[in-house]
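Pasting start_3.txt here (compact mmCIF, C-alpha atoms and all ligand atoms):
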```
# COMPACT_ATOMS: atom_id res chain seq x y z
CA MET A 23 199.06 29.15 72.78
CA SER A 24 201.16 31.77 71.06
CA LEU A 25 204.89 32.01 71.61
CA ASP A 26 205.46 33.80 74.91
CA ALA A 27 208.99 34.68 76.04
CA SER A 28 207.86 35.59 79.55
CA LYS A 29 206.92 31.95 80.23
CA VAL A 30 210.45 30.62 79.59
CA LYS A 31 211.71 27.90 81.92
CA VAL A 32 215.45 28.05 82.53
CA THR A 33 217.54 25.07 83.66
CA ARG A 34 221.18 26.01 83.99
CA VAL A 35 224.23 23.78 83.61
CA GLU A 36 225.94 22.96 86.90
CA THR A 37 229.35 24.24 85.90
CA PRO A 38 229.49 26.88 83.17
CA SER A 39 232.32 26.26 80.72
CA LYS A 40 235.27 28.61 80.35
CA PRO A 41 235.70 30.60 77.15
CA ARG A 42 238.18 29.06 74.71
CA PRO A 43 241.09 31.17 73.53
CA ASN A 44 240.07 33.15 70.44
CA ASP A 45 242.55 31.32 68.20
CA GLU A 46 240.84 27.97 68.90
CA LEU A 47 237.42 29.02 67.60
CA VAL A 48 236.45 27.06 64.50
CA PHE A 49 233.24 28.07 62.72
CA GLY A 50 230.28 26.07 63.99
CA GLN A 51 232.35 23.40 65.77
CA THR A 52 231.81 24.28 69.40
CA PHE A 53 228.63 25.41 71.05
CA THR A 54 227.75 27.29 74.20
CA ASP A 55 226.41 25.63 77.36
CA HIS A 56 222.71 26.19 76.72
CA MET A 57 220.13 25.83 73.98
CA LEU A 58 216.58 27.07 73.53
CA THR A 59 213.82 24.61 72.59
CA ILE A 60 210.13 25.20 71.97
CA GLU A 61 207.71 22.47 70.98
CA TRP A 62 204.66 23.13 68.86
CA THR A 63 201.58 21.00 68.22
CA ALA A 64 198.67 21.76 65.91
CA ASP A 65 196.30 21.30 68.89
CA LYS A 66 197.98 23.45 71.49
CA GLY A 67 200.23 25.80 69.54
CA TRP A 68 203.56 26.87 71.06
CA ASP A 69 204.44 25.21 74.36
CA VAL A 70 206.48 26.76 77.18
CA PRO A 71 209.93 27.77 75.86
CA GLU A 72 212.85 26.10 77.60
CA ILE A 73 216.45 27.15 77.98
CA LYS A 74 218.43 24.11 79.08
CA PRO A 75 221.84 22.47 78.85
CA TYR A 76 222.98 21.82 75.26
CA GLY A 77 222.34 18.18 74.45
CA ASN A 78 220.95 15.49 72.18
CA PHE A 79 217.34 15.17 71.07
CA SER A 80 215.42 11.93 71.08
CA LEU A 81 213.26 11.54 67.96
CA ASP A 82 211.33 8.66 66.44
CA PRO A 83 213.09 7.30 63.30
CA SER A 84 209.89 7.88 61.32
CA SER A 85 209.89 11.58 62.23
CA CYS A 86 209.07 13.60 59.08
CA VAL A 87 212.23 15.72 59.29
CA PHE A 88 214.31 12.62 58.49
CA HIS A 89 212.33 11.61 55.41
CA TYR A 90 210.82 14.63 53.72
CA ALA A 91 213.17 17.44 54.75
CA PHE A 92 210.81 19.42 56.94
CA GLU A 93 213.66 21.62 58.07
CA LEU A 94 214.60 25.28 57.85
CA PHE A 95 217.19 27.41 59.55
CA GLU A 96 218.55 30.89 60.05
CA GLY A 97 222.00 32.31 60.67
CA LEU A 98 222.69 35.57 62.48
CA LYS A 99 225.25 36.92 64.89
CA ALA A 100 225.62 38.72 68.20
CA TYR A 101 228.63 40.94 68.80
CA ARG A 102 230.45 42.14 71.87
CA THR A 103 230.52 45.92 71.57
CA ALA A 104 233.32 48.28 72.58
CA ASP A 105 231.43 49.09 75.82
CA ASN A 106 231.09 45.38 76.70
CA LYS A 107 227.46 44.88 75.82
CA ILE A 108 226.14 42.19 73.50
CA SER A 109 224.17 43.29 70.50
CA MET A 110 222.29 41.36 67.82
CA PHE A 111 222.45 42.59 64.22
CA ARG A 112 219.15 43.00 62.32
CA ALA A 113 217.52 40.00 64.03
CA ASP A 114 214.07 41.18 62.91
CA LYS A 115 215.04 40.49 59.29
CA ASN A 116 216.11 36.93 60.13
CA MET A 117 212.90 36.28 62.07
CA ALA A 118 210.74 37.50 59.20
CA ARG A 119 212.68 35.31 56.77
CA MET A 120 212.40 32.32 59.12
CA ASN A 121 208.62 32.67 59.18
CA LYS A 122 208.55 32.82 55.36
CA SER A 123 210.65 29.65 55.16
CA ALA A 124 208.39 27.91 57.69
CA ALA A 125 205.20 28.91 55.87
CA ARG A 126 206.57 27.49 52.60
CA ILE A 127 206.89 23.98 54.07
CA CYS A 128 203.74 24.08 56.23
CA LEU A 129 205.56 24.52 59.52
CA PRO A 130 204.10 26.96 62.04
CA ASN A 131 204.77 30.68 62.26
CA PHE A 132 205.68 32.36 65.51
CA GLU A 133 205.67 35.83 67.08
CA GLN A 134 208.93 37.25 65.81
CA ASP A 135 209.63 39.61 68.66
CA GLU A 136 209.07 36.85 71.23
CA LEU A 137 211.72 34.68 69.58
CA ILE A 138 214.16 37.62 69.55
CA LYS A 139 213.53 38.08 73.29
CA LEU A 140 214.08 34.36 73.89
CA ILE A 141 217.33 34.38 71.92
CA GLY A 142 218.33 37.36 74.05
CA LYS A 143 217.66 35.30 77.19
CA LEU A 144 219.64 32.39 75.79
CA ILE A 145 222.60 34.67 75.08
CA GLU A 146 222.29 36.15 78.57
CA GLN A 147 222.92 32.65 80.04
CA ASP A 148 226.10 32.20 78.02
CA LYS A 149 227.21 35.80 77.68
CA HIS A 150 230.68 35.10 79.11
CA LEU A 151 231.28 32.87 76.05
CA VAL A 152 230.71 35.64 73.48
CA PRO A 153 234.24 36.29 72.22
CA GLU A 154 235.79 39.71 72.21
CA GLY A 155 237.57 41.44 69.36
CA GLN A 156 237.08 42.59 65.78
CA GLY A 157 235.89 39.68 63.65
CA TYR A 158 234.77 37.62 66.65
CA SER A 159 231.12 37.01 67.42
CA LEU A 160 228.49 34.56 68.55
CA TYR A 161 226.90 32.76 65.61
CA ILE A 162 223.22 32.04 66.29
CA ARG A 163 221.49 29.14 64.54
CA PRO A 164 217.69 29.09 64.92
CA THR A 165 216.24 25.92 63.41
CA MET A 166 212.77 24.46 62.95
CA ILE A 167 211.96 20.83 62.17
CA GLY A 168 208.76 18.86 61.64
CA THR A 169 208.55 16.07 64.23
CA THR A 170 205.37 14.25 63.24
CA ASN A 171 205.90 10.49 63.39
CA GLY A 172 204.90 8.24 60.49
CA LEU A 173 205.78 7.92 56.83
CA GLY A 174 202.71 9.58 55.35
CA VAL A 175 203.62 12.74 53.42
CA GLY A 176 201.53 15.55 54.79
CA THR A 177 201.31 18.66 56.91
CA PRO A 178 203.30 18.20 60.13
CA ASP A 179 201.15 18.47 63.26
CA ARG A 180 204.20 18.64 65.52
CA ALA A 181 207.29 20.80 65.27
CA LEU A 182 210.35 21.75 67.26
CA LEU A 183 211.93 25.18 67.12
CA TYR A 184 215.39 25.32 68.65
CA VAL A 185 218.31 27.68 68.82
CA ILE A 186 221.97 26.84 69.38
CA THR A 187 224.86 29.30 69.46
CA SER A 188 228.52 28.98 68.56
CA PRO A 189 231.38 31.37 69.39
CA VAL A 190 233.18 32.12 66.12
CA GLY A 191 236.25 33.92 64.86
CA PRO A 192 236.82 35.88 61.67
CA TYR A 193 236.19 33.93 58.49
CA TYR A 194 239.59 35.08 57.28
CA LYS A 195 242.07 34.72 60.14
CA THR A 196 244.78 36.78 58.45
CA GLY A 197 242.78 39.48 56.69
CA PHE A 198 240.90 38.86 53.46
CA LYS A 199 241.70 35.97 51.20
CA ALA A 200 240.23 36.41 47.73
CA VAL A 201 238.72 33.25 46.22
CA ARG A 202 238.56 31.60 42.80
CA LEU A 203 235.07 30.69 41.56
CA GLU A 204 233.91 28.29 38.91
CA ALA A 205 231.00 29.68 36.92
CA THR A 206 228.59 26.73 37.06
CA ASP A 207 225.91 26.08 34.45
CA TYR A 208 225.81 22.26 34.59
CA ALA A 209 224.04 22.31 37.97
CA THR A 210 221.32 24.70 39.11
CA ARG A 211 220.95 25.96 42.67
CA ALA A 212 217.48 27.49 42.34
CA TRP A 213 214.84 28.07 39.70
CA PRO A 214 211.66 30.11 39.13
CA GLY A 215 208.81 28.72 41.19
CA GLY A 216 211.27 26.85 43.39
CA VAL A 217 212.40 27.51 46.95
CA GLY A 218 215.85 29.05 46.43
CA ASP A 219 214.69 32.18 48.24
CA LYS A 220 213.95 30.21 51.42
CA LYS A 221 216.53 28.93 53.92
CA LEU A 222 215.41 25.31 53.71
CA GLY A 223 217.98 22.63 54.53
CA ALA A 224 216.90 20.81 51.38
CA ASN A 225 218.53 23.54 49.27
CA TYR A 226 222.03 22.91 50.59
CA ALA A 227 222.90 19.20 50.37
CA PRO A 228 222.60 19.15 46.53
CA CYS A 229 225.14 21.98 46.24
CA ILE A 230 228.04 20.06 47.79
CA LEU A 231 228.75 17.76 44.83
CA PRO A 232 229.16 20.65 42.34
CA GLN A 233 231.40 22.34 44.92
CA LEU A 234 233.60 19.22 45.10
CA GLN A 235 233.73 19.11 41.31
CA ALA A 236 234.82 22.75 41.20
CA ALA A 237 237.37 22.09 43.95
CA LYS A 238 238.95 19.32 41.85
CA ARG A 239 239.64 21.95 39.22
CA GLY A 240 241.07 24.37 41.78
CA TYR A 241 238.05 26.59 42.49
CA GLN A 242 236.79 27.17 46.05
CA GLN A 243 233.16 27.94 45.23
CA ASN A 244 230.53 27.78 42.52
CA LEU A 245 229.30 30.93 40.85
CA TRP A 246 225.74 29.80 40.20
CA LEU A 247 224.43 30.70 36.74
CA PHE A 248 220.83 30.41 35.68
CA GLY A 249 219.02 29.90 32.42
CA PRO A 250 220.00 30.13 28.76
CA GLU A 251 221.14 33.74 29.36
CA LYS A 252 223.51 32.45 32.08
CA ASN A 253 222.47 35.06 34.61
CA ILE A 254 224.68 35.37 37.65
CA THR A 255 222.67 34.54 40.75
CA GLU A 256 224.73 33.70 43.86
CA VAL A 257 228.12 32.36 44.93
CA GLY A 258 228.24 29.22 47.10
CA THR A 259 225.82 30.12 49.90
CA MET A 260 226.29 33.85 49.58
CA ASN A 261 224.81 36.66 47.53
CA VAL A 262 227.18 38.22 45.04
CA PHE A 263 228.04 41.77 43.95
CA PHE A 264 230.06 43.04 40.98
CA VAL A 265 231.45 46.51 40.34
CA PHE A 266 231.73 47.76 36.75
CA LYS A 267 233.09 51.06 35.51
CA ASP A 268 231.76 52.63 32.33
CA SER A 269 234.90 53.64 30.45
CA LYS A 270 233.08 56.45 28.59
CA THR A 271 231.36 58.19 31.53
CA GLY A 272 233.70 57.01 34.28
CA LYS A 273 230.66 56.12 36.37
CA LYS A 274 230.82 52.98 38.51
CA GLU A 275 227.99 50.55 39.04
CA LEU A 276 227.48 48.19 41.97
CA VAL A 277 225.34 45.33 40.70
CA THR A 278 223.57 42.39 42.30
CA ALA A 279 220.79 40.13 41.04
CA PRO A 280 217.16 41.11 41.75
CA LEU A 281 215.03 39.22 44.31
CA ASP A 282 212.98 37.28 41.77
CA GLY A 283 212.42 34.16 43.90
CA THR A 284 215.67 32.43 42.89
CA ILE A 285 217.87 34.55 45.15
CA LEU A 286 218.09 34.19 48.93
CA GLU A 287 217.12 37.52 50.49
CA GLY A 288 220.36 38.03 52.36
CA VAL A 289 220.36 40.39 55.32
CA THR A 290 223.95 41.26 54.42
CA ARG A 291 222.89 41.86 50.79
CA ASP A 292 220.21 44.25 52.00
CA SER A 293 222.68 45.99 54.33
CA VAL A 294 225.27 46.39 51.55
CA LEU A 295 222.67 47.88 49.19
CA GLU A 296 221.31 50.29 51.78
CA LEU A 297 224.75 51.45 52.98
CA ALA A 298 226.00 51.80 49.40
CA ARG A 299 222.97 53.91 48.42
CA GLU A 300 223.51 56.06 51.50
CA ASN A 301 227.27 56.48 51.40
CA LEU A 302 228.32 56.42 47.76
CA SER A 303 228.02 59.67 45.83
CA SER A 304 225.38 59.38 43.12
CA ASP A 305 227.59 61.49 40.84
CA GLU A 306 230.07 58.63 40.73
CA TRP A 307 227.97 55.56 41.43
CA ILE A 308 224.86 53.68 40.40
CA VAL A 309 223.57 50.93 42.68
CA SER A 310 221.57 48.35 40.70
CA GLU A 311 219.50 45.28 41.38
CA ARG A 312 219.29 43.92 37.86
CA TYR A 313 219.93 40.83 35.77
CA TYR A 314 223.49 40.47 34.50
CA THR A 315 225.22 37.54 32.87
CA ILE A 316 228.59 35.82 32.91
CA GLY A 317 228.86 37.06 29.30
CA GLU A 318 228.64 40.67 30.48
CA VAL A 319 231.30 40.03 33.14
CA GLU A 320 233.59 38.43 30.55
CA GLU A 321 233.07 41.28 28.07
CA ARG A 322 233.55 44.04 30.57
CA ALA A 323 236.64 42.37 32.02
CA ALA A 324 238.08 42.31 28.49
CA LYS A 325 237.35 46.06 28.14
CA GLY A 326 238.95 46.80 31.50
CA GLU A 327 235.57 47.71 32.97
CA LEU A 328 235.44 45.05 35.68
CA VAL A 329 236.51 46.73 38.92
CA GLU A 330 235.91 44.16 41.69
CA ALA A 331 233.52 41.49 42.95
CA PHE A 332 232.57 40.03 46.32
CA GLY A 333 230.17 37.62 48.00
CA SER A 334 228.04 38.71 50.97
CA GLY A 335 226.65 36.71 53.88
CA THR A 336 226.49 36.61 57.67
CA ALA A 337 229.43 34.22 58.17
CA ALA A 338 232.12 36.15 56.25
CA VAL A 339 230.18 39.45 55.83
CA VAL A 340 232.05 40.08 52.55
CA SER A 341 234.25 37.66 50.67
CA PRO A 342 236.42 39.04 47.84
CA ILE A 343 236.71 37.27 44.47
CA LYS A 344 239.90 37.20 42.39
CA GLU A 345 239.19 34.85 39.49
CA ILE A 346 236.27 33.22 37.73
CA GLY A 347 236.70 30.07 35.66
CA TRP A 348 234.40 30.11 32.65
CA ASN A 349 234.53 28.35 29.28
CA GLY A 350 238.02 27.03 29.90
CA ASN A 351 239.44 30.49 30.69
CA ASP A 352 239.94 32.42 33.89
CA ILE A 353 238.41 35.89 34.10
CA THR A 354 240.68 37.99 36.32
CA VAL A 355 238.90 40.16 38.87
CA PRO A 356 241.11 43.09 39.92
CA LEU A 357 242.26 43.48 43.54
CA LEU A 358 243.87 46.52 45.17
CA PRO A 359 247.65 46.41 44.56
CA GLY A 360 249.26 44.07 47.09
CA GLU A 361 245.92 43.32 48.76
CA GLN A 362 243.33 40.56 48.75
CA CYS A 363 240.25 42.69 48.09
CA GLY A 364 238.90 45.63 46.13
CA ALA A 365 238.34 49.15 47.47
CA LEU A 366 234.57 48.93 47.85
CA THR A 367 234.77 45.45 49.42
CA LYS A 368 237.05 46.89 52.09
CA GLN A 369 234.79 49.88 52.64
CA VAL A 370 231.63 47.80 52.92
CA ALA A 371 233.32 45.52 55.48
CA GLU A 372 234.18 48.58 57.56
CA TRP A 373 230.74 50.17 57.33
CA ILE A 374 229.07 46.99 58.51
CA ALA A 375 231.60 46.16 61.25
CA ASP A 376 231.26 49.68 62.67
CA ILE A 377 227.55 49.12 63.17
CA GLN A 378 227.88 45.52 64.39
CA TYR A 379 230.50 46.40 67.02
CA GLY A 380 228.56 49.43 68.19
CA ARG A 381 231.01 52.08 66.96
CA LYS A 382 228.29 53.66 64.82
CA GLU A 383 224.53 53.67 65.05
CA HIS A 384 222.31 52.94 62.12
CA LYS A 385 218.55 53.09 62.50
CA ASP A 386 217.32 50.12 64.55
CA TRP A 387 219.85 47.66 63.11
CA THR A 388 221.27 46.59 66.47
CA ARG A 389 219.59 45.48 69.63
CA ILE A 390 221.41 45.14 72.97
CA VAL A 391 220.52 41.77 74.53
CA ALA A 392 223.01 41.47 77.39
CA ASP A 393 225.44 43.56 79.40
CA LEU A 394 228.76 42.30 80.74
CA ASN A 395 229.46 45.38 82.82
C1 LIG B 1 222.09 32.54 54.09
C2 LIG B 1 222.34 32.72 52.65
C3 LIG B 1 222.76 33.93 52.10
C4 LIG B 1 223.18 35.11 52.92
O1 LIG B 1 222.19 35.60 53.75
P1 LIG B 1 222.60 36.52 54.98
O2 LIG B 1 221.29 36.84 55.61
O3 LIG B 1 223.29 37.70 54.44
O4 LIG B 1 223.48 35.70 55.85
C5 LIG B 1 222.87 34.02 50.72
N1 LIG B 1 222.59 32.98 49.92
C6 LIG B 1 222.21 31.79 50.41
C7 LIG B 1 221.91 30.68 49.48
C8 LIG B 1 222.07 31.62 51.79
O5 LIG B 1 221.70 30.45 52.29
```

Spell out the structure here as structure tokens.
Amino acid sequence: MSLDASKVKVTRVETPSKPRPNDELVFGQTFTDHMLTIEWTADKGWDVPEIKPYGNFSLDPSSCVFHYAFELFEGLKAYRTADNKISMFRADKNMARMNKSAARICLPNFEQDELIKLIGKLIEQDKHLVPEGQGYSLYIRPTMIGTTNGLGVGTPDRALLYVITSPVGPYYKTGFKAVRLEATDYATRAWPGGVGDKKLGANYAPCILPQLQAAKRGYQQNLWLFGPEKNITEVGTMNVFFVFKDSKTGKKELVTAPLDGTILEGVTRDSVLELARENLSSDEWIVSERYYTIGEVEERAAKGELVEAFGSGTAAVVSPIKEIGWNGNDITVPLLPGEQCGALTKQVAEWIADIQYGRKEHKDWTRIVADLN
């Protein structure tokens, strides 16, 4: 059976919970009343989707997810718009990426639009819990795990797709807070032929130790370098952008690494690139997906050609960078005077928020899934 949203079985909680005050929302710590679960077997395909009260699973200890990391996830958000509707941002991109992640570890694919509809129905059940206000949203975490029992390493013949949602506040409660990064070449996040471009759980656990090591030296995140050239790839679990200014021509360049299989194909990355290409004058700007190294950043900072830098991802949208530790020195990344971000960082945050909160339309980037009116 293929995934069919119209077959969904809904079991509601007896007493819906009350929304928490906005200032008590901690990222990914509290969840809404309901979750979506869909079981899959190799024999029968996708079973009837269920929306039911949020709660524990019961799995056999030999289940393959616990031993061989048959797990992948997505992260996207729904926003309460100015006219009190709830809209999802670019969900089709997340669904496509989820299917690519699943295919890479032999878990089943699904009909993308059906899962979007089901997530819409899940949000509908808990719509009163979607927080209101700029920076507030409902974080959506679709997940798929292999649930075949037994210790043999092989293709899972059972899987569970589930979705939980968490009301969240702005990543930066009091406006932006620029971070210090440690350029990291002693540990590698992803490599050619690897799976760094897939959202597999297995990619994340190994990145915590280097983060702790950087934290000991006073840096919040790792700036992941790759190869003998020391190419800049990503920051923490975000994509990363740098702005350089050519001191001869005066032209600025927005740069991020190309999607060569070692970079996660961020939806925010794609949105930043598209909006930058649309909105920035090509007389003054070049927008590049190209290789660039920590050496180039160091050199251009020394020449006064480093303008700003920021990470991009669903959780924070953009995250400004103020310093990069490298080779025993700190490279200073300029910020606007008296502020915690650069000019483009600020602009990009505005462009994206305007679309997410329904103040501006952009192509088919938003999809209304519930109405509180
Ligand atoms: C999720 C993720 C991103 C950002 O992707 P978005 O779709 O923009 O949220 C970037 N890098 C890594 C490693 C990620 O896991």

Practice item. Using only C-alpha atoms and all ligand atoms, determine which residues fall within 7 Å of ligand LIG 1 (chain B), then list them as a list of chain:residue names. Key: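 Those residues are A:Gly97, A:Leu98, A:Asn116, A:Gly218, A:Lys221, A:Glu256, A:Gly258, A:Thr259, A:Met260, A:Asn261, A:Ile285, A:Leu286, A:Glu287, A:Gly288, A:Val289, A:Thr290, A:Arg291, A:Ser334, A:Gly335, A:Thr336, A:Ala337.
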
Practice item. Taking (241.7, 30.5, 70.3) in the file's own coordinates, collect the residues within 12 Å, counting only C-alpha atoms, and hand them back as a VMD selection string. Key: chain A and resid 41 to 49 52 153 to 155 158 189 to 192 195

Now that the selection is made, can you save its residues with C-alpha atoms as an mmCIF file, keeping the file's coordinate frame?
```cif
data_model
loop_
_atom_site.group_PDB
_atom_site.id
_atom_site.type_symbol
_atom_site.label_atom_id
_atom_site.label_comp_id
_atom_site.auth_asym_id
_atom_site.auth_seq_id
_atom_site.Cartn_x
_atom_site.Cartn_y
_atom_site.Cartn_z
ATOM 1 C CA PRO A 41 235.700 30.600 77.150
ATOM 2 C CA ARG A 42 238.180 29.060 74.710
ATOM 3 C CA PRO A 43 241.090 31.170 73.530
ATOM 4 C CA ASN A 44 240.070 33.150 70.440
ATOM 5 C CA ASP A 45 242.550 31.320 68.200
ATOM 6 C CA GLU A 46 240.840 27.970 68.900
ATOM 7 C CA LEU A 47 237.420 29.020 67.600
ATOM 8 C CA VAL A 48 236.450 27.060 64.500
ATOM 9 C CA PHE A 49 233.240 28.070 62.720
ATOM 10 C CA THR A 52 231.810 24.280 69.400
ATOM 11 C CA PRO A 153 234.240 36.290 72.220
ATOM 12 C CA GLU A 154 235.790 39.710 72.210
ATOM 13 C CA GLY A 155 237.570 41.440 69.360
ATOM 14 C CA TYR A 158 234.770 37.620 66.650
ATOM 15 C CA PRO A 189 231.380 31.370 69.390
ATOM 16 C CA VAL A 190 233.180 32.120 66.120
ATOM 17 C CA GLY A 191 236.250 33.920 64.860
ATOM 18 C CA PRO A 192 236.820 35.880 61.670
ATOM 19 C CA LYS A 195 242.070 34.720 60.140
#
```

Point to revise | Among listed residues A:Gln243, A:Ser24, A:Gln156, A:Asn106, nearest Gly347 (chain A) (using all atoms listed in the file) | key: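 So, comparing all the options, the nearest one is A:Gln243.
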
Check your understanding: How far is it from CA of Ser80 (chain A) to CA of Glu133 (chain A), in Å with one decimal?
Key ->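 So the two atoms, CA of Ser80 (chain A) and CA of Glu133 (chain A), lie 26.1 Å apart.
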
Check your understanding: Excluding same-chain residues fewer than 6 positions from Ile145 (chain A), what lies within 12 Å of it counting all atoms listed in the file, as a PyMOL selection string?
Key -> chain A and resi 53-58+73+99-102+107-110+138-139+151-152+159-163+185-189+390-394

Store the residues picked out above in a file with C-alpha atoms, as an mmCIF file, in the frame of the given file.
```
data_model
loop_
_atom_site.group_PDB
_atom_site.id
_atom_site.type_symbol
_atom_site.label_atom_id
_atom_site.label_comp_id
_atom_site.auth_asym_id
_atom_site.auth_seq_id
_atom_site.Cartn_x
_atom_site.Cartn_y
_atom_site.Cartn_z
ATOM 1 C CA PHE A 53 228.630 25.410 71.050
ATOM 2 C CA THR A 54 227.750 27.290 74.200
ATOM 3 C CA ASP A 55 226.410 25.630 77.360
ATOM 4 C CA HIS A 56 222.710 26.190 76.720
ATOM 5 C CA MET A 57 220.130 25.830 73.980
ATOM 6 C CA LEU A 58 216.580 27.070 73.530
ATOM 7 C CA ILE A 73 216.450 27.150 77.980
ATOM 8 C CA LYS A 99 225.250 36.920 64.890
ATOM 9 C CA ALA A 100 225.620 38.720 68.200
ATOM 10 C CA TYR A 101 228.630 40.940 68.800
ATOM 11 C CA ARG A 102 230.450 42.140 71.870
ATOM 12 C CA LYS A 107 227.460 44.880 75.820
ATOM 13 C CA ILE A 108 226.140 42.190 73.500
ATOM 14 C CA SER A 109 224.170 43.290 70.500
ATOM 15 C CA MET A 110 222.290 41.360 67.820
ATOM 16 C CA ILE A 138 214.160 37.620 69.550
ATOM 17 C CA LYS A 139 213.530 38.080 73.290
ATOM 18 C CA LEU A 151 231.280 32.870 76.050
ATOM 19 C CA VAL A 152 230.710 35.640 73.480
ATOM 20 C CA SER A 159 231.120 37.010 67.420
ATOM 21 C CA LEU A 160 228.490 34.560 68.550
ATOM 22 C CA TYR A 161 226.900 32.760 65.610
ATOM 23 C CA ILE A 162 223.220 32.040 66.290
ATOM 24 C CA ARG A 163 221.490 29.140 64.540
ATOM 25 C CA VAL A 185 218.310 27.680 68.820
ATOM 26 C CA ILE A 186 221.970 26.840 69.380
ATOM 27 C CA THR A 187 224.860 29.300 69.460
ATOM 28 C CA SER A 188 228.520 28.980 68.560
ATOM 29 C CA PRO A 189 231.380 31.370 69.390
ATOM 30 C CA ILE A 390 221.410 45.140 72.970
ATOM 31 C CA VAL A 391 220.520 41.770 74.530
ATOM 32 C CA ALA A 392 223.010 41.470 77.390
ATOM 33 C CA ASP A 393 225.440 43.560 79.400
ATOM 34 C CA LEU A 394 228.760 42.300 80.740
#
```

Review point. Glu136 (chain A): which residues within 8 Å, counting all atoms listed in the file, same-chain residues fewer than 5 positions away excluded, as a list in words?
Key: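 Counting only the stated atoms, we get Leu25, Asp26 and Ala27 of chain A.
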
Review point. When you draw a straight line from CA of Gly216 (chain A) to CA of Gly283 (chain A), how long is it in Å?
Key: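 Taking CA of Gly216 (chain A) as the start and CA of Gly283 (chain A) as the end point, the length is 7.4 Å.
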
Exercise for review: Enter the distance from CA of Gly197 (chain A) to CA of Leu245 (chain A), in Å, rounded to one decimal.
Suggested key: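 Computed distance, CA of Gly197 (chain A) to CA of Leu245 (chain A), equals 22.5 Å.
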
Review point. Nearest to Lys66 (chain A) among A:Pro130, A:Val87, A:Thr354, A:Ala124, with distances taken over only C-alpha atoms: which residue is it?
Key: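 Ranking A:Pro130, A:Val87, A:Thr354, A:Ala124 by distance to Lys66 (chain A), first place goes to A:Pro130.
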
Mind completing region 118-128 of chain A with N, CA, C and O atoms? Output as an mmCIF file, in the frame of the given file, please?
```cif
data_model
loop_
_atom_site.group_PDB
_atom_site.id
_atom_site.type_symbol
_atom_site.label_atom_id
_atom_site.label_comp_id
_atom_site.auth_asym_id
_atom_site.auth_seq_id
_atom_site.Cartn_x
_atom_site.Cartn_y
_atom_site.Cartn_z
ATOM 1 N N ALA A 118 211.739 37.403 60.270
ATOM 2 C CA ALA A 118 210.740 37.500 59.200
ATOM 3 C C ALA A 118 211.023 36.452 58.127
ATOM 4 O O ALA A 118 210.117 35.774 57.627
ATOM 5 N N ARG A 119 212.297 36.291 57.787
ATOM 6 C CA ARG A 119 212.680 35.310 56.770
ATOM 7 C C ARG A 119 212.401 33.891 57.258
ATOM 8 O O ARG A 119 211.961 33.034 56.497
ATOM 9 N N MET A 120 212.636 33.655 58.556
ATOM 10 C CA MET A 120 212.400 32.320 59.120
ATOM 11 C C MET A 120 210.911 31.970 59.016
ATOM 12 O O MET A 120 210.553 30.842 58.660
ATOM 13 N N ASN A 121 210.054 32.932 59.296
ATOM 14 C CA ASN A 121 208.620 32.670 59.180
ATOM 15 C C ASN A 121 208.214 32.396 57.735
ATOM 16 O O ASN A 121 207.340 31.564 57.478
ATOM 17 N N LYS A 122 208.855 33.088 56.785
ATOM 18 C CA LYS A 122 208.550 32.820 55.360
ATOM 19 C C LYS A 122 208.989 31.414 54.975
ATOM 20 O O LYS A 122 208.274 30.718 54.249
ATOM 21 N N SER A 123 210.172 31.004 55.456
ATOM 22 C CA SER A 123 210.650 29.650 55.160
ATOM 23 C C SER A 123 209.688 28.623 55.752
ATOM 24 O O SER A 123 209.323 27.642 55.091
ATOM 25 N N ALA A 124 209.279 28.857 57.003
ATOM 26 C CA ALA A 124 208.390 27.910 57.690
ATOM 27 C C ALA A 124 207.069 27.789 56.932
ATOM 28 O O ALA A 124 206.582 26.682 56.682
ATOM 29 N N ALA A 125 206.498 28.924 56.556
ATOM 30 C CA ALA A 125 205.200 28.910 55.870
ATOM 31 C C ALA A 125 205.286 28.099 54.575
ATOM 32 O O ALA A 125 204.341 27.383 54.222
ATOM 33 N N ARG A 126 206.436 28.162 53.888
ATOM 34 C CA ARG A 126 206.570 27.490 52.600
ATOM 35 C C ARG A 126 206.526 25.967 52.719
ATOM 36 O O ARG A 126 206.157 25.269 51.775
ATOM 37 N N ILE A 127 206.940 25.432 53.899
ATOM 38 C CA ILE A 127 206.890 23.980 54.070
ATOM 39 C C ILE A 127 205.903 23.581 55.180
ATOM 40 O O ILE A 127 206.064 22.565 55.853
ATOM 41 N N CYS A 128 204.861 24.402 55.333
ATOM 42 C CA CYS A 128 203.740 24.080 56.230
ATOM 43 C C CYS A 128 204.167 23.834 57.673
ATOM 44 O O CYS A 128 203.563 23.017 58.363
#
```
